[in-house]
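Enquirer: Pasting in a structure now, in structure tokens, and then I'll have a few things to ask.
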Amino acid sequence: MAREYIWEVPVRVTHWVNVISILALSITGLYIGDPYAQGADEHSMLMGKMRFFHFIFAYIFIASLIVRVYWWFVGNKYARLDQFIPLSGERWKNLIDTALFYGFMKKDLPHSPGHTGLAGFTYFFLILLFVLEIITGFALYSQSHEGGAIWTLLGGWMLPVLGVGMVRFIHHVIMWLIAVFVIIHVYISVHNNIIEKNSLVMSIFNGYKNFQDRQHH
Amino acid sequence: MKEESLFESLLRRGVSRRDFMKFCTSMAATLALPTAFSAQIAEALEKKQKPYVVWLELSDCAGDSEAILRASRPTIGQLVLDVISLEYHETIMAPSGHSAEKSLQDVVKNHKGKYIAIVEGAIPLKDGGIYCTVGGRTALEIAKEVCGNAMATLAVGSCASFGGVAAAKPNPTQCVGVKEALPSATVVNLPGCPVNPENVTATVVHFLTFGALPALDKNHRPLFAYGKRIHDNCERRPHFDAGQFVKKWGDEGHRLGWCLYEVGCKGPQAYMNCPTIRYNEGTSWPVMAGHPCFACAMPQSWDALGPIYSRLPNVPGASYQATADKVGVAVVGAAAAGVAAHAIIRASTSKGKQEDK
């Protein structure tokens with residue numbers, strides 16, 4: 001059995017910052033979109049606080065995303081951009097084999113010390129969704145700062161193009177897509193951890209994965 | 001014959017100097033000018049001749065005319081007879097038929113480049129514009145002539161400004177606003193459903209006082225009236241921040257005057273001075289009356305901002321009441337069911353695998 005250091009500190013920290021931000025953004029965002037509780041009294045500032053924390057966590061989330069994207073270019077080989085966009089035939093094969101394994105059409109998960117090809121490519125699209133969520137978020141935020149050049153640049157430009165309703169619609173839909181991702185992501189992490197016995201779940205805490213000697217059937 | 005100034009005609013009509021100064025001060029306030037400007041406005045109105053105005057009604061419901069007829073400062077009498085010389089207005093003028101059309105032609109000919117054109121209603125473009133004709137001429141033809149020769153055009157109401165409800169999907173007559181139909185015309189958009197007469201009067205007064213149109217935003221709307229967000233000046237804003245929302249019509253929150261956000265208020269998307277100026281002599285405005293704002297003064301308010309009574313648009317193409325959030329919950333449920341099914345299949349097959357060994 002081999003133990004290998006896979007996830008560096010910035011990868012793990014941004015992962016958990018993302019978890020906390022997405023959770024906080026979803027709870028506050030759902031309230032802003034459709035308030036599910038009434039303020040206790042006229043001084044409660046419930047919506048005010050929800051919006052405050054939504055914006056705070058939005059900036060924390062953006063900072064985390066910037067660090068993680070930077071790490072695409074300077075991190076170890078498991079953190080690099082080529083783990084996210086499959087360019088080599090080997091990564092594509094890994095992606096397809098992984099998908100076939102999940103679909104019960106292949107017996108074994110291909111050996112992937114870092115992300116599987118499927119996971120990496122999924123995270124790439126996830127990050128695109130994050131970016132779209134951030135841009136639509138700034139677009140909606142720009143309404144409080146009508147005419148502000150920076151808000152117009154960051155997202156406000158799309159309001160007259162798509163209409164406010166559609167921008168809000170997209171902002172909601174992406175949250176639900178991220179929720180779907182989280183369910184599948186957590187399931188597959190536990191699933192692979194059980195099947196591969198590679199301490200996959202622990203690896204996002206301590207950075208280390210174990211690799212069993214692979215049995216040949 | 002020397003034509004009398006506005007102030008002279010007001011005096012003749014029994015308006016006191018005190019009332020006149022009050023009017024000037026209220027106009028300064030509407031224009032977001034310091035009170036010192038009320039003297040300058042008074043001076044301009046005392047000296048200047050009444051501007052010639054023609055009023056065109058195109059594809060509309062006459063709601064803006066209705067609003068103007070209920071103008072408080074000045075009253076209809078003052079407005080029609082004194083502040084402006086309304087030479088032509090289909091709904092309220094006495095002449096009809098050829099004599100009415102002649103008075104329009106007279107203004108266009110005799111006061112070319114000096115009169116103000118007020119347009120109410122959208123302009124249909126489809127099939128050569130035949131869906132709105134007056135005296136046998138299409139709205140587009142009339143607008144081209146009247147607005148093209150005017151000193152400036154005030155597009156009053158949302159239809160004249162951006163097409164409004166006449167241009168809402170599917171827009172069968174291909175209605176557009178005046179500026180879109182006549183890109184070269186000098187147009188001030190005064191949207192609203194209906195337009196607030198205070199803003200029309202203030203725009204005219206600004207023009208008389210400073211000899212120039214007021215500063216406009218990117219949608220050609222005067223900043224004095226459309227520069228501030230309704231949400232930020234709303235009297236119910238504290239209830240928004242406090243999380244106190246009307247959930248349905250007539251509930252306790254509605255009776256207590258809480259925020260209308262959850263029943264679809266578009267105040268956060270709307271830029272207009274309704275909360276400060278209000279309608280009908282400052283009596284009320286939709287949110288004050290307990291109805292959500294639907295951002296009538298915004299371009300494409302019918303198509304782009306979502307349903308009037310909900311914040312979130314329905315899923316495009318879905319014929320039922322499917323919001324993104326309802327579908328989202330269903331999709332998340334499906335994902336959870338999917339992984340559960342996967343786990344069951346995996347557990348049963350790996351058990352089989354172990355038995356093989």
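Just so we're on the same page: first chain in the structure tokens is A, next is B, and so on; residues restart at 1 for each chain, and ligands are numbered from 1 in the order they show up.
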Run DSSP on the backbone of this structure and report the residues of region 1-212 of chain A it assigns to strand (DSSP E or B), as a ChimeraX atom specification.

Expert: /A:2-5,208-211

Enquirer: Near chain B, meaning an atom within 9 Å, which residues of chain A appear when counting only C-alpha atoms? Write them as a ChimeraX atom specification.

Expert: /A:33-35,37-49,51,102-104,143-144,146,160,162-166,168-170,172-173,175-177,179-181,183-184,187-188,191,195

Enquirer: Do you know which residues are at most 7 Å from region 29-40 of chain B counting only C-alpha atoms, after dropping those on the same chain fewer than 4 positions away, and could you put them as a list in words?

Expert: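 Here the qualifying residues turn out to be Cys24, Thr25, Ala44, Ala202 and Phe224 of chain B.
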
Enquirer: For the atom pair CA of Lys326 (chain B) and CA of Ala341 (chain B), what is the interatomic distance in Å to one decimal place?

Expert: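 Here the two named atoms are 22.6 Å from each other.
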
Enquirer: What is the CA of Glu57 (chain B) to CA of Pro172 (chain B) distance in Å?

Expert: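 Atom-to-atom, CA of Glu57 (chain B) to CA of Pro172 (chain B), that is 19.2 Å.
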
Enquirer: Just how far from CA of Glu141 (chain B) is CA of Ala155 (chain B), in Å to one decimal?

Expert: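 The value is 16.2 Å.
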
Enquirer: Given only C-alpha atoms as the basis, pick out the residue of B:Ala185, B:Met27, B:Cys175, B:Met93 nearest to Val146 (chain B).

Expert: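 Residue with the minimum atom-to-atom distance to Val146 (chain B): B:Ala185.
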
Enquirer: Would you kindly return, as an mmCIF file with N, CA, C and O atoms, in the first residue's frame, each protein, DNA or RNA residue with an atom no farther than 12 Å from any atom of Tyr115 (chain B), considering only C-alpha atoms and excluding same-chain residues fewer than 3 positions away?

Expert:
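Result written to out.cif:
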data_model
loop_
_atom_site.group_PDB
_atom_site.id
_atom_site.type_symbol
_atom_site.label_atom_id
_atom_site.label_comp_id
_atom_site.auth_asym_id
_atom_site.auth_seq_id
_atom_site.Cartn_x
_atom_site.Cartn_y
_atom_site.Cartn_z
ATOM 1 N N GLN B 49 -42.929 83.487 -23.794
ATOM 2 C CA GLN B 49 -44.234 83.198 -24.370
ATOM 3 C C GLN B 49 -44.569 81.730 -24.155
ATOM 4 O O GLN B 49 -43.690 80.907 -23.979
ATOM 5 N N LYS B 50 -45.862 81.491 -24.230
ATOM 6 C CA LYS B 50 -46.293 80.111 -24.072
ATOM 7 C C LYS B 50 -45.796 79.285 -25.260
ATOM 8 O O LYS B 50 -45.921 79.727 -26.405
ATOM 9 N N PRO B 51 -45.261 78.136 -25.016
ATOM 10 C CA PRO B 51 -44.804 77.321 -26.145
ATOM 11 C C PRO B 51 -46.004 76.668 -26.843
ATOM 12 O O PRO B 51 -47.012 76.375 -26.214
ATOM 13 N N TYR B 52 -45.880 76.501 -28.149
ATOM 14 C CA TYR B 52 -46.925 75.791 -28.889
ATOM 15 C C TYR B 52 -46.713 74.289 -28.709
ATOM 16 O O TYR B 52 -45.593 73.795 -28.799
ATOM 17 N N VAL B 53 -47.810 73.628 -28.473
ATOM 18 C CA VAL B 53 -47.723 72.190 -28.237
ATOM 19 C C VAL B 53 -48.789 71.481 -29.053
ATOM 20 O O VAL B 53 -49.933 71.919 -29.105
ATOM 21 N N VAL B 54 -48.380 70.405 -29.704
ATOM 22 C CA VAL B 54 -49.385 69.520 -30.307
ATOM 23 C C VAL B 54 -49.260 68.152 -29.650
ATOM 24 O O VAL B 54 -48.170 67.739 -29.249
ATOM 25 N N TRP B 55 -50.374 67.511 -29.504
ATOM 26 C CA TRP B 55 -50.424 66.234 -28.775
ATOM 27 C C TRP B 55 -50.937 65.168 -29.729
ATOM 28 O O TRP B 55 -52.054 65.274 -30.238
ATOM 29 N N ILE B 84 -49.175 76.003 -21.528
ATOM 30 C CA ILE B 84 -48.817 75.702 -22.905
ATOM 31 C C ILE B 84 -49.995 76.062 -23.792
ATOM 32 O O ILE B 84 -51.123 76.146 -23.329
ATOM 33 N N SER B 85 -49.717 76.279 -25.060
ATOM 34 C CA SER B 85 -50.796 76.470 -26.019
ATOM 35 C C SER B 85 -51.008 75.155 -26.730
ATOM 36 O O SER B 85 -50.308 74.826 -27.676
ATOM 37 N N LEU B 86 -51.937 74.403 -26.228
ATOM 38 C CA LEU B 86 -52.186 73.110 -26.818
ATOM 39 C C LEU B 86 -53.032 73.311 -28.079
ATOM 40 O O LEU B 86 -54.205 73.644 -28.015
ATOM 41 N N GLU B 87 -52.380 73.149 -29.207
ATOM 42 C CA GLU B 87 -53.033 73.451 -30.485
ATOM 43 C C GLU B 87 -53.800 72.266 -31.027
ATOM 44 O O GLU B 87 -54.683 72.428 -31.871
ATOM 45 N N TYR B 88 -53.431 71.097 -30.599
ATOM 46 C CA TYR B 88 -54.035 69.908 -31.220
ATOM 47 C C TYR B 88 -53.977 68.774 -30.215
ATOM 48 O O TYR B 88 -52.921 68.474 -29.649
ATOM 49 N N LEU B 104 -53.491 71.105 -36.898
ATOM 50 C CA LEU B 104 -52.191 70.425 -36.776
ATOM 51 C C LEU B 104 -51.246 70.907 -37.875
ATOM 52 O O LEU B 104 -50.099 71.265 -37.618
ATOM 53 N N ASP B 106 -51.350 73.662 -39.478
ATOM 54 C CA ASP B 106 -50.988 75.059 -39.254
ATOM 55 C C ASP B 106 -49.801 75.174 -38.309
ATOM 56 O O ASP B 106 -48.880 75.966 -38.550
ATOM 57 N N VAL B 107 -49.830 74.419 -37.226
ATOM 58 C CA VAL B 107 -48.723 74.500 -36.276
ATOM 59 C C VAL B 107 -47.429 74.029 -36.929
ATOM 60 O O VAL B 107 -46.383 74.676 -36.834
ATOM 61 N N VAL B 108 -47.513 72.891 -37.614
ATOM 62 C CA VAL B 108 -46.299 72.345 -38.233
ATOM 63 C C VAL B 108 -45.730 73.342 -39.238
ATOM 64 O O VAL B 108 -44.521 73.531 -39.339
ATOM 65 N N LYS B 109 -46.623 74.035 -39.983
ATOM 66 C CA LYS B 109 -46.176 74.948 -41.021
ATOM 67 C C LYS B 109 -45.709 76.290 -40.420
ATOM 68 O O LYS B 109 -44.617 76.767 -40.698
ATOM 69 N N ASN B 110 -46.552 76.839 -39.550
ATOM 70 C CA ASN B 110 -46.295 78.202 -39.067
ATOM 71 C C ASN B 110 -45.267 78.265 -37.932
ATOM 72 O O ASN B 110 -44.679 79.306 -37.682
ATOM 73 N N HIS B 111 -45.099 77.197 -37.211
ATOM 74 C CA HIS B 111 -44.181 77.240 -36.064
ATOM 75 C C HIS B 111 -43.098 76.183 -36.188
ATOM 76 O O HIS B 111 -42.659 75.605 -35.202
ATOM 77 N N LYS B 112 -42.716 75.927 -37.419
ATOM 78 C CA LYS B 112 -41.733 74.881 -37.682
ATOM 79 C C LYS B 112 -40.479 75.065 -36.815
ATOM 80 O O LYS B 112 -39.907 76.154 -36.750
ATOM 81 N N ILE B 118 -45.916 66.409 -28.297
ATOM 82 C CA ILE B 118 -46.080 65.402 -27.252
ATOM 83 C C ILE B 118 -46.731 64.194 -27.908
ATOM 84 O O ILE B 118 -47.758 64.329 -28.584
ATOM 85 N N VAL B 146 -44.675 65.508 -37.824
ATOM 86 C CA VAL B 146 -44.871 66.360 -36.648
ATOM 87 C C VAL B 146 -43.621 66.388 -35.763
ATOM 88 O O VAL B 146 -43.154 67.451 -35.348
ATOM 89 N N CYS B 147 -43.055 65.219 -35.478
ATOM 90 C CA CYS B 147 -41.876 65.170 -34.594
ATOM 91 C C CYS B 147 -40.637 65.656 -35.338
ATOM 92 O O CYS B 147 -39.754 66.273 -34.746
ATOM 93 N N GLY B 148 -40.604 65.373 -36.637
ATOM 94 C CA GLY B 148 -39.433 65.777 -37.412
ATOM 95 C C GLY B 148 -39.296 67.285 -37.498
ATOM 96 O O GLY B 148 -38.177 67.809 -37.601
ATOM 97 N N ASN B 149 -40.411 68.012 -37.436
ATOM 98 C CA ASN B 149 -40.358 69.477 -37.534
ATOM 99 C C ASN B 149 -40.448 70.168 -36.182
ATOM 100 O O ASN B 149 -40.491 71.389 -36.108
ATOM 101 N N ALA B 150 -40.525 69.361 -35.111
ATOM 102 C CA ALA B 150 -40.673 69.938 -33.780
ATOM 103 C C ALA B 150 -39.313 70.327 -33.204
ATOM 104 O O ALA B 150 -38.277 69.808 -33.614
ATOM 105 N N MET B 151 -39.365 71.257 -32.249
ATOM 106 C CA MET B 151 -38.147 71.627 -31.517
ATOM 107 C C MET B 151 -37.700 70.416 -30.702
ATOM 108 O O MET B 151 -36.521 70.108 -30.625
ATOM 109 N N ALA B 152 -38.658 69.756 -30.099
ATOM 110 C CA ALA B 152 -38.379 68.551 -29.327
ATOM 111 C C ALA B 152 -39.659 67.753 -29.215
ATOM 112 O O ALA B 152 -40.760 68.301 -29.340
ATOM 113 N N THR B 153 -39.483 66.465 -29.005
ATOM 114 C CA THR B 153 -40.636 65.588 -28.832
ATOM 115 C C THR B 153 -40.611 65.008 -27.428
ATOM 116 O O THR B 153 -39.577 64.509 -26.979
ATOM 117 N N LEU B 154 -41.737 65.109 -26.727
ATOM 118 C CA LEU B 154 -41.855 64.434 -25.440
ATOM 119 C C LEU B 154 -42.682 63.176 -25.667
ATOM 120 O O LEU B 154 -43.844 63.265 -26.048
ATOM 121 N N VAL B 204 -41.298 70.642 -19.414
ATOM 122 C CA VAL B 204 -41.608 71.847 -20.189
ATOM 123 C C VAL B 204 -41.046 73.080 -19.470
ATOM 124 O O VAL B 204 -40.440 73.956 -20.095
ATOM 125 N N PHE B 207 -37.414 73.403 -19.865
ATOM 126 C CA PHE B 207 -37.096 73.887 -21.197
ATOM 127 C C PHE B 207 -37.289 75.402 -21.292
ATOM 128 O O PHE B 207 -36.444 76.116 -21.832
ATOM 129 N N LEU B 208 -38.381 75.885 -20.711
ATOM 130 C CA LEU B 208 -38.652 77.327 -20.756
ATOM 131 C C LEU B 208 -37.621 78.103 -19.942
ATOM 132 O O LEU B 208 -37.211 79.195 -20.314
#

Enquirer: So which residues touch Tyr141 (chain A) within 10 Å, counting only C-alpha atoms, skipping near sequence neighbours fewer than 4 positions away, as a compact mmCIF listing (two decimals) with N, CA, C and O atoms, in the first residue's frame?

Expert:
# COMPACT_ATOMS: atom_id res chain seq x y z
N PHE A 55 -23.68 39.01 0.24
CA PHE A 55 -22.65 39.77 -0.48
C PHE A 55 -21.26 39.46 0.09
O PHE A 55 -20.29 39.33 -0.65
N ILE A 135 -21.16 36.41 -12.40
CA ILE A 135 -21.48 37.50 -13.32
C ILE A 135 -22.95 37.90 -13.18
O ILE A 135 -23.29 39.08 -13.09
N THR A 136 -23.86 36.89 -13.14
CA THR A 136 -25.28 37.22 -12.99
C THR A 136 -25.52 37.85 -11.62
O THR A 136 -26.36 38.74 -11.49
N GLY A 137 -24.76 37.41 -10.61
CA GLY A 137 -24.88 38.02 -9.29
C GLY A 137 -24.51 39.49 -9.31
O GLY A 137 -25.23 40.33 -8.77
N HIS A 145 -26.63 50.00 -7.75
CA HIS A 145 -25.61 50.98 -8.08
C HIS A 145 -25.75 51.38 -9.53
O HIS A 145 -24.80 51.30 -10.31
N GLU A 146 -26.97 51.77 -9.92
CA GLU A 146 -27.27 52.12 -11.31
C GLU A 146 -26.24 53.08 -11.87
O GLU A 146 -25.93 54.10 -11.27
N TRP A 151 -19.75 48.05 -11.76
CA TRP A 151 -20.83 47.04 -11.68
C TRP A 151 -21.37 46.73 -13.06
O TRP A 151 -21.74 45.60 -13.36
N THR A 152 -21.42 47.76 -13.91
CA THR A 152 -21.85 47.54 -15.29
C THR A 152 -20.88 46.60 -15.99
O THR A 152 -21.27 45.66 -16.67
N LEU A 154 -18.83 44.38 -14.55
CA LEU A 154 -18.80 43.05 -13.96
C LEU A 154 -20.05 42.21 -14.27
O LEU A 154 -20.04 41.01 -14.06
N GLY A 155 -21.11 42.85 -14.73
CA GLY A 155 -22.32 42.05 -15.00
C GLY A 155 -23.51 42.88 -15.44
O GLY A 155 -24.40 42.37 -16.11
N GLY A 156 -23.53 44.16 -15.03
CA GLY A 156 -24.70 45.00 -15.32
C GLY A 156 -25.00 45.12 -16.80
O GLY A 156 -26.16 45.33 -17.18

Enquirer: Residues near Ile134 (chain A), anyone? I mean within 10 Å using only C-alpha atoms, not counting same-chain ones fewer than 6 positions away, as a VMD selection string.

Expert: chain A and resid 58 to 59 61 to 62 128 140 154 to 155 171

Enquirer: What residues in chain A get the DSSP label helix (DSSP H, G or I)? Please answer as JSON, numbers by chain.

Expert: {"A": [9, 10, 11, 12, 13, 14, 15, 16, 17, 18, 19, 20, 21, 22, 23, 24, 25, 26, 27, 28, 29, 30, 31, 32, 33, 46, 47, 48, 49, 50, 51, 52, 53, 54, 55, 56, 57, 58, 59, 60, 61, 62, 63, 64, 65, 66, 67, 68, 69, 70, 71, 72, 73, 74, 81, 82, 83, 89, 90, 91, 92, 93, 94, 95, 96, 97, 98, 99, 100, 101, 102, 117, 118, 119, 120, 121, 122, 123, 124, 125, 126, 127, 128, 129, 130, 131, 132, 133, 134, 135, 136, 137, 138, 139, 140, 141, 142, 143, 144, 145, 149, 150, 151, 152, 153, 154, 155, 156, 158, 159, 160, 161, 162, 164, 165, 166, 167, 168, 169, 170, 171, 172, 173, 174, 175, 176, 177, 178, 179, 180, 181, 182, 183, 184, 185, 186, 187, 188, 189, 190, 191, 192, 193, 194, 195, 196, 200, 201, 202, 203, 204, 205, 206]}

Enquirer: Which neighbours of Pro194 (chain B) fall inside 7 Å, counting only C-alpha atoms, when residues of the same chain fewer than 4 positions from it are skipped, and could you give them as a short mmCIF file (atom, residue, chain, number, x, y, z; two decimals) with all heavy atoms, in the first residue's frame?

Expert:
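Result file follows (result_31.cif):
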data_model
loop_
_atom_site.label_atom_id
_atom_site.label_comp_id
_atom_site.auth_asym_id
_atom_site.auth_seq_id
_atom_site.Cartn_x
_atom_site.Cartn_y
_atom_site.Cartn_z
N GLY B 63 -54.65 56.85 -21.58
CA GLY B 63 -54.39 56.92 -20.14
C GLY B 63 -53.52 58.09 -19.75
O GLY B 63 -53.68 58.68 -18.67
N ASP B 64 -52.59 58.45 -20.63
CA ASP B 64 -51.72 59.58 -20.32
C ASP B 64 -52.48 60.89 -20.42
O ASP B 64 -52.28 61.81 -19.62
CB ASP B 64 -50.50 59.57 -21.25
CG ASP B 64 -49.72 58.28 -21.12
OD1 ASP B 64 -49.26 58.00 -20.00
OD2 ASP B 64 -49.60 57.56 -22.12
N ALA B 67 -54.35 61.15 -17.32
CA ALA B 67 -53.49 61.58 -16.22
C ALA B 67 -53.27 63.08 -16.26
O ALA B 67 -53.32 63.77 -15.24
CB ALA B 67 -52.16 60.84 -16.27
N GLY B 157 -45.61 58.52 -21.45
CA GLY B 157 -46.13 57.18 -21.20
C GLY B 157 -45.20 56.11 -21.75
O GLY B 157 -44.32 56.38 -22.58
#
